[in-house]
Structures are given as C-alpha cells and as structure tokens.
Amino acid sequence: MMTSYESAILLAKALDSKKGIDIKVLHTGQLTTLADYFVICSATSSTQIKALSDACEKVMDEAGEPAHHVEGHRGGTWVLLDFSNVVVHVFTDEARKFYDLERLWGDAEQVDISEHIKPE
C-alpha cells in the first residue's frame, strides 16, 4: 500500500506523461479531512482531459488503489478523481481560473515535484 505522498507523486507523473500543464501538488492534510493532497493540472481540450484522467486511473489501478469516485463536467471542462487520500483535479485553463483552487487552498503547502516531472 502506497502512502498518500507516493500516490500524489505517481499521479503527478501520470499527468506529466500525458503532457498535463502546470501540474501542482498541494498538501492539504492539515487543512481538511477531504484529502491529504490535491493534484491540480490544466489541459488544452476535453480530449486531453479524458486522456489525463484515464492515465491517472490506469496507474492507480495498477498500484491497487482504484478511484473511489470520479465526476466530470459534461461540457468537458473539468474532471475530479477521488483516490481517498489524494484528489486529482483536471481543468481546462478557463475552468481552472474560474474555480481557482490554488487561491481557495492558498494555505496549503505546495509540494516541490520538480525532481519527478520534467520542466515545461
């Protein structure tokens, strides 16, 4: 069984492998019981959102940690994947600006993932 940190890093790498944009990992465990980590990412299209969410589900299924809940906007502007201790949010740029989770969770510590993903 992976730690929530290991899951968050694995998910960030999965997003990176499908060219996710501006990937952020926020440590939210001290702020909410919702999740230990939020992984946030932008996509260029609804097609890419699907590819990114599929990649996340695949790596977590392979790790024996399937998603507990997945919800998405029918318009294809965002998807949320809940892996219990880690929640992944994939947005179009416009939806990311609208929901502004980084500001909403501004007190969360941003995890340095630079050694795990390639710079843009």
# chains A, B, ... in the order shown; residues from 1 in each chain; ligands from 1
$ closest_atom_pairs --of "stretch 28-78 of chain A" --to "stretch 10-24 of chain A" --cutoff "7 Å" --atoms "only C-alpha atoms" --output "JSON lines"
{"residue": "A:Val39", "atom": "CA", "partner": "A:Lys24", "partner_atom": "CA", "distance": 5.7}
{"residue": "A:Ile40", "atom": "CA", "partner": "A:Lys24", "partner_atom": "CA", "distance": 5.1}
{"residue": "A:Cys41", "atom": "CA", "partner": "A:Ile23", "partner_atom": "CA", "distance": 4.5}
{"residue": "A:Ser42", "atom": "CA", "partner": "A:Ile21", "partner_atom": "CA", "distance": 4.8}
{"residue": "A:Ala43", "atom": "CA", "partner": "A:Gly20", "partner_atom": "CA", "distance": 5.8}
{"residue": "A:Ala51", "atom": "CA", "partner": "A:Lys18", "partner_atom": "CA", "distance": 7.0}
{"residue": "A:Leu52", "atom": "CA", "partner": "A:Leu15", "partner_atom": "CA", "distance": 5.6}
{"residue": "A:Ala55", "atom": "CA", "partner": "A:Ala14", "partner_atom": "CA", "distance": 5.8}
{"residue": "A:Cys56", "atom": "CA", "partner": "A:Leu11", "partner_atom": "CA", "distance": 5.7}
$ write_last_selection --atoms "N, CA, C and O atoms" --output "PDB file, in the first residue's frame"
ATOM      1  N   VAL A  39      -3.977  17.225  -6.340  1.00  0.00           N
ATOM      2  CA  VAL A  39      -3.121  17.334  -7.517  1.00  0.00           C
ATOM      3  C   VAL A  39      -3.951  18.075  -8.564  1.00  0.00           C
ATOM      4  O   VAL A  39      -5.052  17.650  -8.905  1.00  0.00           O
ATOM      5  N   ILE A  40      -3.426  19.201  -9.021  1.00  0.00           N
ATOM      6  CA  ILE A  40      -4.162  20.074  -9.926  1.00  0.00           C
ATOM      7  C   ILE A  40      -3.386  20.198 -11.233  1.00  0.00           C
ATOM      8  O   ILE A  40      -2.160  20.298 -11.225  1.00  0.00           O
ATOM      9  N   CYS A  41      -4.123  20.206 -12.334  1.00  0.00           N
ATOM     10  CA  CYS A  41      -3.475  20.201 -13.639  1.00  0.00           C
ATOM     11  C   CYS A  41      -4.400  20.852 -14.667  1.00  0.00           C
ATOM     12  O   CYS A  41      -5.621  20.789 -14.532  1.00  0.00           O
ATOM     13  N   SER A  42      -3.812  21.470 -15.683  1.00  0.00           N
ATOM     14  CA  SER A  42      -4.593  22.029 -16.790  1.00  0.00           C
ATOM     15  C   SER A  42      -4.414  21.170 -18.035  1.00  0.00           C
ATOM     16  O   SER A  42      -3.386  20.511 -18.202  1.00  0.00           O
ATOM     17  N   ALA A  43      -5.428  21.237 -18.896  1.00  0.00           N
ATOM     18  CA  ALA A  43      -5.412  20.520 -20.170  1.00  0.00           C
ATOM     19  C   ALA A  43      -5.857  21.476 -21.266  1.00  0.00           C
ATOM     20  O   ALA A  43      -6.529  22.470 -20.994  1.00  0.00           O
ATOM     21  N   ALA A  51      -7.772  11.938 -21.600  1.00  0.00           N
ATOM     22  CA  ALA A  51      -6.500  11.199 -21.630  1.00  0.00           C
ATOM     23  C   ALA A  51      -5.783  11.308 -20.284  1.00  0.00           C
ATOM     24  O   ALA A  51      -5.233  10.322 -19.777  1.00  0.00           O
ATOM     25  N   LEU A  52      -5.792  12.497 -19.676  1.00  0.00           N
ATOM     26  CA  LEU A  52      -5.142  12.713 -18.384  1.00  0.00           C
ATOM     27  C   LEU A  52      -5.842  11.915 -17.284  1.00  0.00           C
ATOM     28  O   LEU A  52      -5.183  11.253 -16.473  1.00  0.00           O
ATOM     29  N   ALA A  55      -5.121   8.225 -17.678  1.00  0.00           N
ATOM     30  CA  ALA A  55      -3.756   7.895 -17.243  1.00  0.00           C
ATOM     31  C   ALA A  55      -3.692   7.775 -15.725  1.00  0.00           C
ATOM     32  O   ALA A  55      -3.043   6.865 -15.189  1.00  0.00           O
ATOM     33  N   CYS A  56      -4.378   8.677 -15.028  1.00  0.00           N
ATOM     34  CA  CYS A  56      -4.406   8.623 -13.557  1.00  0.00           C
ATOM     35  C   CYS A  56      -5.084   7.346 -13.072  1.00  0.00           C
ATOM     36  O   CYS A  56      -4.567   6.651 -12.184  1.00  0.00           O
TER      37      CYS A  56
END
$ residues_around --residues "A:Thr47" --least-positions-apart "5" --cutoff "12 Å" --atoms "only C-alpha atoms" --output "JSON, numbers by chain"
{"A": [18, 20, 52, 53, 54, 75, 76, 77, 78, 79, 90, 91, 92]}
$ atom_distance --atom1 "atom CA of A:Glu6" --atom2 "atom CA of A:Leu34"
17.4 Å
$ atom_distance --atom1 "atom CA of A:Glu62" --atom2 "atom CA of A:Val87"
17.3 Å
$ select_by_dssp --residues "chain A" --states "strand (DSSP E or B)" --output "ChimeraX atom specification"
/A:21-27,37-43,69-72,78-82,86-92,109-111
$ write_last_selection --atoms "N, CA, C and O atoms" --output "compact mmCIF listing (two decimals), in the first residue's frame"
# COMPACT_ATOMS: atom_id res chain seq x y z
N ILE A 21 -0.54 20.33 -18.07
CA ILE A 21 0.06 21.66 -18.00
C ILE A 21 -0.02 22.19 -16.57
O ILE A 21 -1.06 22.07 -15.91
N ASP A 22 1.08 22.80 -16.11
CA ASP A 22 1.11 23.49 -14.81
C ASP A 22 0.61 22.59 -13.68
O ASP A 22 -0.34 22.92 -12.97
N ILE A 23 1.27 21.44 -13.53
CA ILE A 23 0.88 20.46 -12.51
C ILE A 23 1.32 20.96 -11.13
O ILE A 23 2.47 21.34 -10.95
N LYS A 24 0.38 20.96 -10.21
CA LYS A 24 0.67 21.38 -8.83
C LYS A 24 0.20 20.30 -7.87
O LYS A 24 -0.85 19.70 -8.08
N VAL A 25 1.00 20.07 -6.82
CA VAL A 25 0.60 19.16 -5.75
C VAL A 25 0.53 20.00 -4.48
O VAL A 25 1.51 20.61 -4.07
N LEU A 26 -0.66 20.04 -3.87
CA LEU A 26 -0.87 20.79 -2.64
C LEU A 26 -1.08 19.83 -1.48
O LEU A 26 -1.89 18.91 -1.58
N HIS A 27 -0.33 20.04 -0.41
CA HIS A 27 -0.50 19.23 0.79
C HIS A 27 -1.62 19.85 1.62
O HIS A 27 -1.43 20.91 2.22
N TYR A 37 -3.72 15.27 -0.10
CA TYR A 37 -3.12 16.02 -1.22
C TYR A 37 -4.16 16.29 -2.29
O TYR A 37 -5.02 15.45 -2.57
N PHE A 38 -4.05 17.46 -2.90
CA PHE A 38 -4.76 17.79 -4.12
C PHE A 38 -3.71 17.86 -5.22
O PHE A 38 -2.66 18.50 -5.04
N VAL A 39 -3.98 17.22 -6.34
CA VAL A 39 -3.12 17.33 -7.52
C VAL A 39 -3.95 18.07 -8.56
O VAL A 39 -5.05 17.65 -8.91
N ILE A 40 -3.43 19.20 -9.02
CA ILE A 40 -4.16 20.07 -9.93
C ILE A 40 -3.39 20.20 -11.23
O ILE A 40 -2.16 20.30 -11.23
N CYS A 41 -4.12 20.21 -12.33
CA CYS A 41 -3.47 20.20 -13.64
C CYS A 41 -4.40 20.85 -14.67
O CYS A 41 -5.62 20.79 -14.53
N SER A 42 -3.81 21.47 -15.68
CA SER A 42 -4.59 22.03 -16.79
C SER A 42 -4.41 21.17 -18.04
O SER A 42 -3.39 20.51 -18.20
N ALA A 43 -5.43 21.24 -18.90
CA ALA A 43 -5.41 20.52 -20.17
C ALA A 43 -5.86 21.48 -21.27
O ALA A 43 -6.53 22.47 -20.99
N HIS A 69 -14.21 7.56 -6.52
CA HIS A 69 -15.26 8.39 -7.10
C HIS A 69 -14.64 9.24 -8.22
O HIS A 69 -13.55 9.76 -8.06
N VAL A 70 -15.36 9.32 -9.31
CA VAL A 70 -14.92 10.18 -10.43
C VAL A 70 -16.13 11.00 -10.84
O VAL A 70 -17.23 10.47 -10.99
N GLU A 71 -15.92 12.29 -10.96
CA GLU A 71 -17.01 13.10 -11.52
C GLU A 71 -16.42 14.07 -12.51
O GLU A 71 -15.28 14.49 -12.39
N GLY A 72 -17.24 14.39 -13.49
CA GLY A 72 -16.76 15.29 -14.53
C GLY A 72 -17.87 16.13 -15.05
O GLY A 72 -19.04 15.76 -15.00
N TRP A 78 -13.80 20.04 -16.89
CA TRP A 78 -13.07 19.59 -15.70
C TRP A 78 -13.45 18.15 -15.35
O TRP A 78 -14.50 17.66 -15.74
N VAL A 79 -12.56 17.51 -14.62
CA VAL A 79 -12.85 16.19 -14.05
C VAL A 79 -12.18 16.12 -12.68
O VAL A 79 -11.13 16.73 -12.45
N LEU A 80 -12.83 15.43 -11.76
CA LEU A 80 -12.29 15.21 -10.42
C LEU A 80 -12.17 13.71 -10.22
O LEU A 80 -13.12 12.98 -10.50
N LEU A 81 -11.00 13.27 -9.77
CA LEU A 81 -10.78 11.85 -9.46
C LEU A 81 -10.42 11.74 -7.99
O LEU A 81 -9.43 12.33 -7.55
N ASP A 82 -11.21 11.00 -7.26
CA ASP A 82 -11.02 10.86 -5.81
C ASP A 82 -10.41 9.50 -5.51
O ASP A 82 -11.05 8.47 -5.69
N VAL A 86 -5.90 11.23 -1.92
CA VAL A 86 -5.45 12.17 -2.94
C VAL A 86 -6.61 12.44 -3.90
O VAL A 86 -7.26 11.50 -4.37
N VAL A 87 -6.86 13.71 -4.17
CA VAL A 87 -7.90 14.09 -5.14
C VAL A 87 -7.22 14.82 -6.29
O VAL A 87 -6.43 15.74 -6.08
N VAL A 88 -7.50 14.36 -7.51
CA VAL A 88 -6.93 14.96 -8.71
C VAL A 88 -8.00 15.84 -9.38
O VAL A 88 -9.14 15.41 -9.54
N HIS A 89 -7.61 17.06 -9.73
CA HIS A 89 -8.49 17.99 -10.44
C HIS A 89 -7.82 18.30 -11.77
O HIS A 89 -6.70 18.80 -11.79
N VAL A 90 -8.52 18.02 -12.87
CA VAL A 90 -8.00 18.36 -14.20
C VAL A 90 -8.99 19.35 -14.83
O VAL A 90 -10.19 19.07 -14.89
N PHE A 91 -8.48 20.48 -15.26
CA PHE A 91 -9.31 21.56 -15.77
C PHE A 91 -8.82 22.04 -17.14
O PHE A 91 -7.63 21.97 -17.43
N THR A 92 -9.74 22.63 -17.90
CA THR A 92 -9.29 23.50 -18.99
C THR A 92 -8.75 24.76 -18.31
O THR A 92 -9.05 25.01 -17.14
N GLU A 109 0.44 23.80 1.69
CA GLU A 109 1.84 23.80 1.28
C GLU A 109 1.95 23.21 -0.11
O GLU A 109 1.39 22.15 -0.40
N GLN A 110 2.63 23.93 -1.02
CA GLN A 110 2.86 23.40 -2.35
C GLN A 110 4.07 22.47 -2.31
O GLN A 110 5.14 22.85 -1.84
N VAL A 111 3.89 21.25 -2.78
CA VAL A 111 4.94 20.24 -2.77
C VAL A 111 5.84 20.46 -3.98
O VAL A 111 5.36 20.65 -5.09
$ select_by_dssp --residues "stretch 11-60 of chain A" --states "helix (DSSP H, G or I)" --output "PyMOL selection string"
chain A and resi 11-17+46-60
$ write_last_selection --atoms "C-alpha atoms" --output "PDB file, in the first residue's frame"
ATOM      1  CA  LEU A  11      -0.410  10.832 -10.161  1.00  0.00           C
ATOM      2  CA  ALA A  12       1.673  13.930 -10.967  1.00  0.00           C
ATOM      3  CA  LYS A  13       3.971  11.732 -13.083  1.00  0.00           C
ATOM      4  CA  ALA A  14       0.955  10.223 -14.881  1.00  0.00           C
ATOM      5  CA  LEU A  15      -0.346  13.714 -15.687  1.00  0.00           C
ATOM      6  CA  ASP A  16       3.108  14.737 -16.870  1.00  0.00           C
ATOM      7  CA  SER A  17       3.335  11.664 -19.135  1.00  0.00           C
ATOM      8  CA  SER A  46     -11.774  17.916 -23.394  1.00  0.00           C
ATOM      9  CA  THR A  47      -9.951  15.142 -25.278  1.00  0.00           C
ATOM     10  CA  GLN A  48      -6.784  15.793 -23.273  1.00  0.00           C
ATOM     11  CA  ILE A  49      -8.787  15.931 -20.019  1.00  0.00           C
ATOM     12  CA  LYS A  50     -10.032  12.417 -20.808  1.00  0.00           C
ATOM     13  CA  ALA A  51      -6.500  11.199 -21.630  1.00  0.00           C
ATOM     14  CA  LEU A  52      -5.142  12.713 -18.384  1.00  0.00           C
ATOM     15  CA  SER A  53      -7.880  11.220 -16.219  1.00  0.00           C
ATOM     16  CA  ASP A  54      -7.524   7.822 -17.935  1.00  0.00           C
ATOM     17  CA  ALA A  55      -3.756   7.895 -17.243  1.00  0.00           C
ATOM     18  CA  CYS A  56      -4.406   8.623 -13.557  1.00  0.00           C
ATOM     19  CA  GLU A  57      -6.939   5.822 -13.249  1.00  0.00           C
ATOM     20  CA  LYS A  58      -4.592   3.390 -15.022  1.00  0.00           C
ATOM     21  CA  VAL A  59      -1.536   3.992 -12.795  1.00  0.00           C
ATOM     22  CA  MET A  60      -3.625   3.853  -9.626  1.00  0.00           C
TER      23      MET A  60
END
$ atom_distance --atom1 "atom CA of A:Thr44" --atom2 "atom CA of A:Ser84"
26.5 Å
